[in-house]
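Source file: target-v5.pdb. Holds: PDB, C-alpha atoms.
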ATOM      1  CA  MET A   1     139.084  83.770  65.598
ATOM      2  CA  ARG A   2     138.116  84.443  69.194
ATOM      3  CA  VAL A   3     139.329  88.048  69.003
ATOM      4  CA  ARG A   4     137.336  88.631  65.843
ATOM      5  CA  PHE A   5     134.202  87.115  67.422
ATOM      6  CA  ARG A   6     134.464  89.452  70.394
ATOM      7  CA  GLY A   7     134.897  92.331  67.978
ATOM      8  CA  ILE A   8     131.616  91.514  66.239
ATOM      9  CA  PHE A   9     129.699  90.523  69.383
ATOM     10  CA  PRO A  10     131.110  92.472  72.338
ATOM     11  CA  SER A  11     128.396  91.046  74.552
ATOM     12  CA  LEU A  12     126.480  87.965  73.418
ATOM     13  CA  PRO A  13     123.665  88.316  76.025
ATOM     14  CA  LEU A  14     123.064  91.917  74.914
ATOM     15  CA  SER A  15     122.957  90.915  71.239
ATOM     16  CA  LEU A  16     120.513  88.090  72.038
ATOM     17  CA  THR A  17     118.275  90.415  74.064
ATOM     18  CA  VAL A  18     118.183  93.002  71.291
ATOM     19  CA  PHE A  19     117.451  90.276  68.725
ATOM     20  CA  ILE A  20     114.563  88.810  70.746
ATOM     21  CA  PHE A  21     113.094  92.243  71.503
ATOM     22  CA  GLY A  22     113.371  93.228  67.848
ATOM     23  CA  LEU A  23     111.355  90.138  66.890
ATOM     24  CA  LEU A  24     108.808  90.675  69.674
ATOM     25  CA  LEU A  25     108.180  94.241  68.542
ATOM     26  CA  ALA A  26     107.237  93.079  65.049
ATOM     27  CA  ASP A  27     103.635  92.211  64.289
ATOM     28  CA  GLU A  28     104.534  89.007  62.500
ATOM     29  CA  ILE A  29     107.838  87.312  61.974
ATOM     30  CA  THR A  30     108.986  87.657  58.387
ATOM     31  CA  SER A  31     112.445  87.307  56.886
ATOM     32  CA  GLY A  32     112.664  91.097  56.661
ATOM     33  CA  GLN A  33     111.947  91.455  60.371
ATOM     34  CA  ILE A  34     114.559  88.808  61.204
ATOM     35  CA  ALA A  35     117.115  90.670  59.085
ATOM     36  CA  LEU A  36     116.270  93.950  60.828
ATOM     37  CA  ALA A  37     116.528  92.353  64.285
ATOM     38  CA  LEU A  38     119.882  90.812  63.329
ATOM     39  CA  LEU A  39     121.150  94.180  62.124
ATOM     40  CA  LEU A  40     120.101  95.839  65.383
ATOM     41  CA  ALA A  41     121.675  92.997  67.386
ATOM     42  CA  LEU A  42     124.931  93.698  65.527
ATOM     43  CA  LEU A  43     124.876  97.486  65.774
ATOM     44  CA  ILE A  44     123.461  98.287  69.230
ATOM     45  CA  PRO A  45     126.123  96.408  71.253
ATOM     46  CA  GLN A  46     128.786  98.220  69.180
ATOM     47  CA  VAL A  47     127.323 101.574  70.246
ATOM     48  CA  ALA A  48     126.868 100.375  73.830
ATOM     49  CA  ARG A  49     130.521  99.333  73.967
ATOM     50  CA  ARG A  50     131.602 102.874  73.146
ATOM     51  CA  LEU A  51     129.227 104.375  75.717
ATOM     52  CA  ASP A  52     130.105 102.094  78.585
ATOM     53  CA  ARG A  53     133.296 100.101  78.752
ATOM     54  CA  GLU A  54     132.142  97.748  81.475
ATOM     55  CA  PHE A  55     129.468  95.264  80.464
ATOM     56  CA  ALA A  56     127.421  93.769  83.263
ATOM     57  CA  ARG A  57     128.759  90.521  84.628
ATOM     58  CA  VAL A  58     126.045  88.412  86.173
ATOM     59  CA  ALA A  59     127.196  85.824  88.689
ATOM     60  CA  THR A  60     123.954  84.012  89.451
ATOM     61  CA  LEU A  61     120.281  84.497  88.681
ATOM     62  CA  ARG A  62     119.066  82.299  91.560
ATOM     63  CA  PRO A  63     117.881  85.149  93.863
ATOM     64  CA  LEU A  64     116.004  86.789  90.965
ATOM     65  CA  PRO A  65     112.534  85.128  91.266
ATOM     66  CA  LYS A  66     112.351  85.886  94.978
ATOM     67  CA  LEU A  67     113.517  89.459  94.364
ATOM     68  CA  VAL A  68     110.805  89.990  91.729
ATOM     69  CA  LEU A  69     108.125  88.611  94.067
ATOM     70  CA  VAL A  70     109.333  90.825  96.933
ATOM     71  CA  MET A  71     109.319  93.799  94.558
ATOM     72  CA  LEU A  72     105.775  93.145  93.312
ATOM     73  CA  TYR A  73     104.524  92.719  96.884
ATOM     74  CA  ASP A  74     106.238  95.955  97.943
ATOM     75  CA  ILE A  75     104.849  97.876  94.962
ATOM     76  CA  VAL A  76     101.291  96.885  95.885
ATOM     77  CA  ARG A  77     101.798  97.485  99.603
ATOM     78  CA  SER A  78     103.441 100.882  99.263
ATOM     79  CA  ASN A  79     101.024 102.011  96.546
ATOM     80  CA  ILE A  80      98.247 101.686  99.101
ATOM     81  CA  GLN A  81     100.343 103.588 101.657
ATOM     82  CA  VAL A  82     101.092 106.380  99.189
ATOM     83  CA  ALA A  83      97.414 106.563  98.162
ATOM     84  CA  LYS A  84      96.451 106.976 101.829
ATOM     85  CA  LEU A  85      99.035 109.722 102.295
ATOM     86  CA  VAL A  86      97.978 111.584  99.157
ATOM     87  CA  LEU A  87      94.284 111.457 100.032
ATOM     88  CA  GLY A  88      94.877 112.232 103.715
ATOM     89  CA  PRO A  89      95.746 115.615 105.208
ATOM     90  CA  GLN A  90      98.929 117.302 104.009
ATOM     91  CA  SER A  91     100.172 117.872 107.541
ATOM     92  CA  ALA A  92     100.510 114.119 108.095
ATOM     93  CA  ILE A  93     103.237 113.831 105.436
ATOM     94  CA  ARG A  94     106.760 114.001 106.825
ATOM     95  CA  SER A  95     109.063 113.725 103.860
ATOM     96  CA  GLY A  96     112.798 113.702 104.239
ATOM     97  CA  TRP A  97     116.212 112.792 102.873
ATOM     98  CA  VAL A  98     118.408 109.839 103.773
ATOM     99  CA  TRP A  99     121.924 109.029 102.637
ATOM    100  CA  MET A 100     122.105 105.263 102.413
ATOM    101  CA  PRO A 101     125.569 103.699 102.722
ATOM    102  CA  LEU A 102     126.071 101.149  99.918
ATOM    103  CA  ASP A 103     127.607  97.716 100.254
ATOM    104  CA  LEU A 104     127.289  97.124  96.502
ATOM    105  CA  THR A 105     130.313  98.147  94.484
ATOM    106  CA  ASN A 106     129.269  96.914  91.026
ATOM    107  CA  ILE A 107     127.894  99.906  89.079
ATOM    108  CA  HIS A 108     125.224  97.758  87.372
ATOM    109  CA  GLY A 109     124.115  96.488  90.777
ATOM    110  CA  ILE A 110     123.847 100.056  92.040
ATOM    111  CA  THR A 111     121.801 100.993  88.953
ATOM    112  CA  ALA A 112     119.426  98.096  89.594
ATOM    113  CA  LEU A 113     119.150  99.037  93.274
ATOM    114  CA  ALA A 114     118.436 102.706  92.460
ATOM    115  CA  SER A 115     115.742 101.648  89.970
ATOM    116  CA  LEU A 116     114.164  99.287  92.504
ATOM    117  CA  ILE A 117     114.108 102.028  95.142
ATOM    118  CA  THR A 118     112.401 104.408  92.725
ATOM    119  CA  LEU A 119     109.931 101.760  91.526
ATOM    120  CA  THR A 120     108.667 101.045  95.019
ATOM    121  CA  PRO A 121     106.340 103.888  95.921
ATOM    122  CA  GLY A 122     107.290 106.223  98.726
ATOM    123  CA  THR A 123     111.009 106.339  97.992
ATOM    124  CA  ILE A 124     113.018 107.928  95.172
ATOM    125  CA  SER A 125     116.733 107.550  94.635
ATOM    126  CA  ALA A 126     117.978 111.028  93.782
ATOM    127  CA  GLU A 127     121.741 110.923  93.612
ATOM    128  CA  LEU A 128     124.792 108.728  93.912
ATOM    129  CA  SER A 129     127.789 110.236  95.696
ATOM    130  CA  ASP A 130     130.905 110.696  93.565
ATOM    131  CA  ASP A 131     132.750 107.861  95.261
ATOM    132  CA  ARG A 132     129.745 105.512  94.664
ATOM    133  CA  ARG A 133     129.494 104.747  98.358
ATOM    134  CA  TYR A 134     126.303 106.567  99.278
ATOM    135  CA  LEU A 135     122.891 106.803  97.641
ATOM    136  CA  LEU A 136     120.627 109.779  98.369
ATOM    137  CA  ILE A 137     117.027 108.703  98.930
ATOM    138  CA  HIS A 138     113.962 110.910  99.253
ATOM    139  CA  ALA A 139     111.177 109.326 101.270
ATOM    140  CA  LEU A 140     107.611 110.607 101.098
ATOM    141  CA  ASN A 141     106.928 109.559 104.648
ATOM    142  CA  LEU A 142     110.075 109.266 106.709
ATOM    143  CA  THR A 143     109.290 108.022 110.180
ATOM    144  CA  ASP A 144     112.384 105.977 110.936
ATOM    145  CA  PRO A 145     115.429 106.451 108.648
ATOM    146  CA  GLU A 146     117.316 103.539 110.226
ATOM    147  CA  ALA A 147     114.416 101.157 109.638
ATOM    148  CA  LEU A 148     114.085 102.326 106.014
ATOM    149  CA  ILE A 149     117.778 101.750 105.301
ATOM    150  CA  ASP A 150     117.611  98.393 107.054
ATOM    151  CA  GLU A 151     114.609  97.326 104.984
ATOM    152  CA  ILE A 152     116.201  98.323 101.668
ATOM    153  CA  LYS A 153     119.444  96.608 102.627
ATOM    154  CA  THR A 154     117.876  93.269 103.535
ATOM    155  CA  ARG A 155     115.118  93.192 100.914
ATOM    156  CA  TYR A 156     116.939  94.510  97.841
ATOM    157  CA  GLU A 157     120.630  95.049  98.344
ATOM    158  CA  ALA A 158     121.449  91.585  99.703
ATOM    159  CA  PRO A 159     119.963  89.651  96.720
ATOM    160  CA  LEU A 160     121.433  92.187  94.260
ATOM    161  CA  LYS A 161     124.830  91.673  95.841
ATOM    162  CA  GLU A 162     124.572  87.975  94.982
ATOM    163  CA  ILE A 163     123.545  88.691  91.374
ATOM    164  CA  PHE A 164     126.189  91.383  90.770
ATOM    165  CA  PRO A 165     129.145  90.501  93.009
TER     166      PRO A 165
ATOM    167  CA  MET B   1      83.573  85.012  78.008
ATOM    168  CA  ASN B   2      82.882  83.770  81.513
ATOM    169  CA  PRO B   3      80.964  86.406  83.534
ATOM    170  CA  VAL B   4      83.117  85.783  86.630
ATOM    171  CA  VAL B   5      86.284  86.464  84.653
ATOM    172  CA  GLU B   6      84.673  89.519  83.139
ATOM    173  CA  LEU B   7      83.779  90.806  86.595
ATOM    174  CA  LEU B   8      87.322  90.211  87.878
ATOM    175  CA  LEU B   9      88.869  92.011  84.918
ATOM    176  CA  SER B  10      86.508  94.957  85.356
ATOM    177  CA  LEU B  11      87.414  95.128  89.046
ATOM    178  CA  LEU B  12      91.110  95.195  88.166
ATOM    179  CA  LEU B  13      90.439  97.997  85.687
ATOM    180  CA  LEU B  14      88.664  99.939  88.437
ATOM    181  CA  VAL B  15      91.627  99.422  90.777
ATOM    182  CA  SER B  16      94.025 100.673  88.109
ATOM    183  CA  SER B  17      91.868 103.742  87.393
ATOM    184  CA  PHE B  18      91.766 104.482  91.111
ATOM    185  CA  PHE B  19      95.539 104.444  91.475
ATOM    186  CA  THR B  20      96.062 106.490  88.314
ATOM    187  CA  LEU B  21      93.568 109.044  89.659
ATOM    188  CA  VAL B  22      95.374 109.127  93.014
ATOM    189  CA  GLY B  23      98.631 109.753  91.149
ATOM    190  CA  SER B  24      97.131 112.734  89.323
ATOM    191  CA  ILE B  25      95.519 114.096  92.507
ATOM    192  CA  GLY B  26      98.865 113.833  94.264
ATOM    193  CA  LEU B  27     100.558 115.745  91.459
ATOM    194  CA  VAL B  28      98.127 118.639  91.990
ATOM    195  CA  LYS B  29      97.701 118.468  95.726
ATOM    196  CA  LEU B  30     101.180 117.912  97.143
ATOM    197  CA  THR B  31     103.168 121.045  97.886
ATOM    198  CA  ASP B  32     106.862 120.309  97.459
ATOM    199  CA  PHE B  33     108.543 119.280  94.177
ATOM    200  CA  PHE B  34     110.012 116.103  95.630
ATOM    201  CA  LYS B  35     106.725 115.099  97.230
ATOM    202  CA  ARG B  36     105.044 115.662  93.890
ATOM    203  CA  LEU B  37     107.556 113.440  92.170
ATOM    204  CA  HIS B  38     106.332 110.523  94.291
ATOM    205  CA  ALA B  39     102.716 110.638  93.189
ATOM    206  CA  PRO B  40     102.912 110.211  89.405
ATOM    207  CA  THR B  41     105.926 107.904  89.297
ATOM    208  CA  LYS B  42     104.519 105.630  91.954
ATOM    209  CA  ALA B  43     100.786 105.417  91.993
ATOM    210  CA  THR B  44     100.905 104.848  88.259
ATOM    211  CA  THR B  45     103.148 101.764  88.426
ATOM    212  CA  LEU B  46     100.237  99.843  89.906
ATOM    213  CA  GLY B  47      97.754 101.683  87.673
ATOM    214  CA  VAL B  48      99.510 100.798  84.438
ATOM    215  CA  GLY B  49     100.432  97.355  85.786
ATOM    216  CA  CYS B  50      96.793  96.443  86.367
ATOM    217  CA  VAL B  51      95.753  97.658  82.903
ATOM    218  CA  LEU B  52      98.485  95.504  81.362
ATOM    219  CA  ILE B  53      97.416  92.436  83.354
ATOM    220  CA  VAL B  54      93.812  92.941  82.237
ATOM    221  CA  SER B  55      94.956  93.368  78.641
ATOM    222  CA  ILE B  56      97.001  90.150  78.757
ATOM    223  CA  PHE B  57      94.138  88.108  80.209
ATOM    224  CA  TYR B  58      91.529  89.681  77.952
ATOM    225  CA  HIS B  59      93.469  88.859  74.808
ATOM    226  CA  ALA B  60      94.472  85.426  76.080
ATOM    227  CA  LEU B  61      90.886  84.475  76.959
ATOM    228  CA  ILE B  62      89.216  85.986  73.922
ATOM    229  CA  GLY B  63      91.674  83.923  71.966
ATOM    230  CA  ASN B  64      92.453  86.019  68.906
ATOM    231  CA  SER B  65      96.193  86.007  68.306
ATOM    232  CA  PHE B  66      98.104  86.228  71.559
ATOM    233  CA  HIS B  67     100.785  88.886  71.276
ATOM    234  CA  PRO B  68     103.488  89.580  73.869
ATOM    235  CA  ARG B  69     103.259  93.350  73.461
ATOM    236  CA  GLU B  70     101.979  93.855  77.016
ATOM    237  CA  VAL B  71     105.075  92.155  78.364
ATOM    238  CA  LEU B  72     107.202  94.487  76.238
ATOM    239  CA  ILE B  73     105.303  97.533  77.493
ATOM    240  CA  SER B  74     105.816  96.532  81.122
ATOM    241  CA  VAL B  75     109.521  95.851  80.574
ATOM    242  CA  PHE B  76     110.053  99.230  78.904
ATOM    243  CA  LEU B  77     107.974 100.945  81.563
ATOM    244  CA  LEU B  78     109.855  99.346  84.435
ATOM    245  CA  ILE B  79     113.185 100.307  82.865
ATOM    246  CA  THR B  80     112.382 103.887  81.874
ATOM    247  CA  ALA B  81     110.152 105.143  84.725
ATOM    248  CA  PRO B  82     112.873 105.126  87.429
ATOM    249  CA  ILE B  83     115.362 106.759  85.071
ATOM    250  CA  SER B  84     113.121 109.737  84.304
ATOM    251  CA  ALA B  85     112.290 110.141  88.008
ATOM    252  CA  HIS B  86     115.996 109.993  88.832
ATOM    253  CA  MET B  87     116.840 112.627  86.207
ATOM    254  CA  MET B  88     114.102 114.960  87.463
ATOM    255  CA  ALA B  89     115.261 114.545  91.060
ATOM    256  CA  LYS B  90     118.857 115.242  90.033
ATOM    257  CA  ALA B  91     117.883 118.346  88.069
ATOM    258  CA  ALA B  92     115.815 119.668  90.962
ATOM    259  CA  LEU B  93     118.674 119.000  93.362
ATOM    260  CA  SER B  94     121.147 121.013  91.318
ATOM    261  CA  LEU B  95     118.681 123.893  90.955
ATOM    262  CA  ARG B  96     118.254 124.071  94.709
ATOM    263  CA  LEU B  97     121.723 123.648  96.088
ATOM    264  CA  LYS B  98     120.740 125.343  99.324
ATOM    265  CA  LYS B  99     118.361 122.596 100.246
ATOM    266  CA  ARG B 100     120.728 119.853  99.179
ATOM    267  CA  PRO B 101     121.308 117.389 101.997
ATOM    268  CA  GLN B 102     124.976 117.005 102.764
ATOM    269  CA  CYS B 103     126.710 113.780 101.849
ATOM    270  CA  PRO B 104     128.364 111.934 104.728
ATOM    271  CA  THR B 105     131.624 111.730 102.802
ATOM    272  CA  ASP B 106     134.044 114.635 102.897
ATOM    273  CA  GLU B 107     134.303 115.320  99.195
ATOM    274  CA  THR B 108     130.950 117.022  98.690
ATOM    275  CA  PRO B 109     131.105 120.743  99.425
ATOM    276  CA  ASP B 110     129.506 122.143 102.545
ATOM    277  CA  PRO B 111     125.969 123.445 101.892
ATOM    278  CA  SER B 112     126.866 126.857 103.309
ATOM    279  CA  GLU B 113     129.413 127.388 100.526
ATOM    280  CA  ASP B 114     126.818 126.632  97.909
ATOM    281  CA  ASP B 115     124.576 129.544  98.853
ATOM    282  CA  SER B 116     126.487 131.928  96.619
ATOM    283  CA  VAL B 117     126.077 129.760  93.534
ATOM    284  CA  GLU B 118     122.429 128.981  94.062
ATOM    285  CA  VAL B 119     120.498 129.366  90.843
ATOM    286  CA  GLY B 120     116.885 128.777  91.704
ATOM    287  CA  GLY B 121     116.601 131.316  94.498
ATOM    288  CA  SER B 122     113.703 130.671  96.800
ATOM    289  CA  ASP B 123     111.302 130.091  93.939
ATOM    290  CA  PRO B 124     109.292 126.959  94.457
ATOM    291  CA  ILE B 125     109.973 124.519  91.690
TER     292      ILE B 125
END

Starting from the coordinates I provided, produce the structure as structure tokens.
Amino acid sequence: MRVRFRGIFPSLPLSLTVFIFGLLLADEITSGQIALALLLALLIPQVARRLDREFARVATLRPLPKLVLVMLYDIVRSNIQVAKLVLGPQSAIRSGWVWMPLDLTNIHGITALASLITLTPGTISAELSDDRRYLLIHALNLTDPEALIDEIKTRYEAPLKEIFP
Amino acid sequence: MNPVVELLLSLLLLVSSFFTLVGSIGLVKLTDFFKRLHAPTKATTLGVGCVLIVSIFYHALIGNSFHPREVLISVFLLITAPISAHMMAKAALSLRLKKRPQCPTDETPDPSEDDSVEVGGSDPI
């Protein structure tokens, strides 16, 4: 029974998420919409299982609210910085590359970290090294690479390491 | 609707227009491809974010049928925006192997060897 259940629902959280999103996308909840959402919740995890054999394993969600608040604060703060740089003289912009050594080993954690780095203005994650140990970051204004790496490590990587051990 | 709330929402809309405008200016003004990538992907997160917040509050306060579509938009936006930026950065990196910064690990080839296979030449992207 258990084997068959896992065959139908490879990842219950993924199926639930797809189901809820399917319902949210509909204008009003009708039986047809529920059937469609159920169908998607059945099919999409099946496709996802073939694309990616490792589903995300989440250990704890406790650091998440603080991480979201830190992220929102950083987005606002760095947006203002980037706006100043864009409107100011070109010669003041010192962009550059940094390879950041990663402590995270979980591939889903690295994905989340790379997305967070790109979402906060002023930094873009460009590439992950083949051995998954370094992340290439492009910074619009690179004054102190060590400080940048330090900031990313303490603000984002540490809480992500708790969520995805 | 309360005039104070209306004023606040209008202010937020102005803020969002400002940051969207800055993003577009940056796209035109900045010189290097990677610098350009920063402006639209970044300045717009706050721009679109503010519009969504205004939309949520406007519909919630005006009171006709609250719908969570703004939440959905922000979720999709937050998931897809970094991915497209990442793909563009990766594509630009492989077009300009000469300028590729060398990885601290040994496995990545030395940049000097890559000169012969460079595709993009010195054309600015």

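With atom CA of B:Ala91 on one side and atom CA of A:Leu119 on the other, the separation reads 18.7 Å.
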
Please write as a ChimeraX atom specification the full residue list that the ChimeraX specification (/B :<8) & /A yields on this file.
-> /A:21,24-25,75-76,79,82-83,86-87,90,95,97,99,114-116,118-127,129,134,138,140

For atom CA of A:Ile107 and atom CA of A:Ser78, quote the distance in Å rounded to one decimal.
->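 Atom CA of A:Ile107 sits 26.5 Å away from atom CA of A:Ser78.
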
Write out as a VMD selection string which residues come within 12 Å of A:Ile34 when counting all atoms listed in the file, dropping same-chain ones fewer than 5 positions away.
-> chain A and resid 18 to 29 39 to 41

Would you put the residues from that selection into a file with C-alpha atoms, as a PDB file, in the coordinates of the input?
ATOM      1  CA  VAL A  18     118.183  93.002  71.291  1.00  0.00           C
ATOM      2  CA  PHE A  19     117.451  90.276  68.725  1.00  0.00           C
ATOM      3  CA  ILE A  20     114.563  88.810  70.746  1.00  0.00           C
ATOM      4  CA  PHE A  21     113.094  92.243  71.503  1.00  0.00           C
ATOM      5  CA  GLY A  22     113.371  93.228  67.848  1.00  0.00           C
ATOM      6  CA  LEU A  23     111.355  90.138  66.890  1.00  0.00           C
ATOM      7  CA  LEU A  24     108.808  90.675  69.674  1.00  0.00           C
ATOM      8  CA  LEU A  25     108.180  94.241  68.542  1.00  0.00           C
ATOM      9  CA  ALA A  26     107.237  93.079  65.049  1.00  0.00           C
ATOM     10  CA  ASP A  27     103.635  92.211  64.289  1.00  0.00           C
ATOM     11  CA  GLU A  28     104.534  89.007  62.500  1.00  0.00           C
ATOM     12  CA  ILE A  29     107.838  87.312  61.974  1.00  0.00           C
ATOM     13  CA  LEU A  39     121.150  94.180  62.124  1.00  0.00           C
ATOM     14  CA  LEU A  40     120.101  95.839  65.383  1.00  0.00           C
ATOM     15  CA  ALA A  41     121.675  92.997  67.386  1.00  0.00           C
TER      16      ALA A  41
END

What does the distance from atom CA of B:Leu11 to atom CA of A:Gln81 come to in Å, to one decimal?
->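 Here the two named atoms are 19.9 Å from each other.
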
Can you tell me, as a ChimeraX atom specification, which residues sit within 9 Å of (112.7, 112.4, 105.6) in the file's frame, using all atoms listed in the file?
-> /A:94-98,137-145

Residue nearest A:Asp150 - candidates A:Ala35, A:Asp74, A:Met100, A:Leu69, atoms counted: only C-alpha atoms =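 Once distances to A:Asp150 are computed over only C-alpha atoms, the minimum belongs to A:Met100.
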